[in-house]
Amino acid sequence: MAHLSVVKKLSHLQEEQKVGRAYIEAGDLKLLRGGVTEFTGDQTAGKTSLTLNILSRLTQDGEVCALVDLNDAFDPHSADANGVVLENLLWVRCGGSVENALTAADYVLQAKGFGMLWLNLAGVQRKELNLIPKTYWYRFRTKIRDGQTLLIVTGNRSHVSSAADQAYFFDTYRAVWRGTGRFKLLGELQINLNTRKPFIMKPEFRTIEARYADE
């Protein structure tokens, strides 16, 4: 019986990592340092994968990075499989508190010396995030301006607004299913990668294929 693998093969993850690193290196992360970048989209759209690839490159280069995890959604096992050096990562779990997440992000930026701060706001109700004053984002941007820190904010919807130096929107364009009848298997996801502001590369179209194993 065929089933979707819960855990990808190591060779598959390593191949994805190579593609991700080449994709990032082509854009040159230097252009993102000292600014705010926002990745938004649905849960399966690819924003987390791209962020993990950036995190992987920086931690492998010896930089210390920080993750402020609003909903405790970070999976260290998946991050490790994607090449993230966990010893170089500060993980702050906020238990769903928006106030704690913003406070933690503020402390990390004040401390300086971090190669990247990932502020993950995915999975929070929109009405809660709408309570965040816009001045927070401008204050964060001022603190890292002309520095070496990358501030990446991920979420289901855009919250940083005009304070973002770069803004990406990930959109699942089409899902391709295989088989007939009631029981079908997901064959691939086609992803649109759009930008709301000028970025280091043109918007791209990506296809993610699903691999199955027999048991």
# chains A, B, ... in the order shown; residues from 1 in each chain; ligands from 1

call {"tool": "residues_around", "arguments": {"residues": "Thr48 of chain A", "least_positions_apart": "2", "cutoff": "10 Å", "atoms": "only C-alpha atoms", "output": "MDAnalysis selection string"}}
result
chainID A and resid 39:41 43:46 50:54 74 120 122 154:155

call {"tool": "write_last_selection", "arguments": {"atoms": "C-alpha atoms", "output": "PDB file, in the first residue's frame"}}
result
ATOM      1  CA  PHE A  39       7.328  36.279   4.162  1.00  0.00           C
ATOM      2  CA  THR A  40       3.565  35.647   4.144  1.00  0.00           C
ATOM      3  CA  GLY A  41       1.307  32.904   2.826  1.00  0.00           C
ATOM      4  CA  GLN A  43       0.889  27.015   5.892  1.00  0.00           C
ATOM      5  CA  THR A  44       1.988  24.878   2.936  1.00  0.00           C
ATOM      6  CA  ALA A  45       3.135  27.712   0.663  1.00  0.00           C
ATOM      7  CA  GLY A  46       6.888  27.442   1.334  1.00  0.00           C
ATOM      8  CA  LEU A  50      12.888  29.307   2.566  1.00  0.00           C
ATOM      9  CA  THR A  51      13.447  30.776   6.029  1.00  0.00           C
ATOM     10  CA  LEU A  52      15.018  27.515   7.225  1.00  0.00           C
ATOM     11  CA  ASN A  53      17.358  27.549   4.236  1.00  0.00           C
ATOM     12  CA  ILE A  54      18.521  31.056   5.140  1.00  0.00           C
ATOM     13  CA  PHE A  74       9.310  25.307  15.501  1.00  0.00           C
ATOM     14  CA  ASN A 120       7.384  33.701  13.488  1.00  0.00           C
ATOM     15  CA  ALA A 122       2.064  32.217  11.960  1.00  0.00           C
ATOM     16  CA  THR A 154       6.738  35.165   8.803  1.00  0.00           C
ATOM     17  CA  GLY A 155       2.968  34.920   9.063  1.00  0.00           C
TER      18      GLY A 155
END

call {"tool": "closest_residue", "arguments": {"among": "A:Gly35, A:Gly179, A:Gly115, A:Gly62", "to": "Arg141 of chain A", "atoms": "only C-alpha atoms"}}
result
A:Gly35

call {"tool": "select_by_dssp", "arguments": {"residues": "segment 26-201 of chain A", "states": "strand (DSSP E or B)", "output": "ChimeraX atom specification"}}
result
/A:35-41,65-69,89-93,116-120,150-155,166-178,185-195

call {"tool": "closest_residue", "arguments": {"among": "A:Glu87, A:Asp42, A:Glu63, A:Asp106", "to": "Ile144 of chain A", "atoms": "only C-alpha atoms"}}
result
A:Asp106

call {"tool": "closest_residue", "arguments": {"among": "A:Asn88, A:Thr180, A:Gln60, A:Thr135", "to": "His159 of chain A", "atoms": "only C-alpha atoms"}}
result
A:Thr135

call {"tool": "residues_around", "arguments": {"residues": "Ala66 of chain A", "least_positions_apart": "2", "cutoff": "8 Å", "atoms": "only C-alpha atoms", "output": "number ranges by chain"}}
result
A: 64, 68, 89-92, 108, 114, 116-118
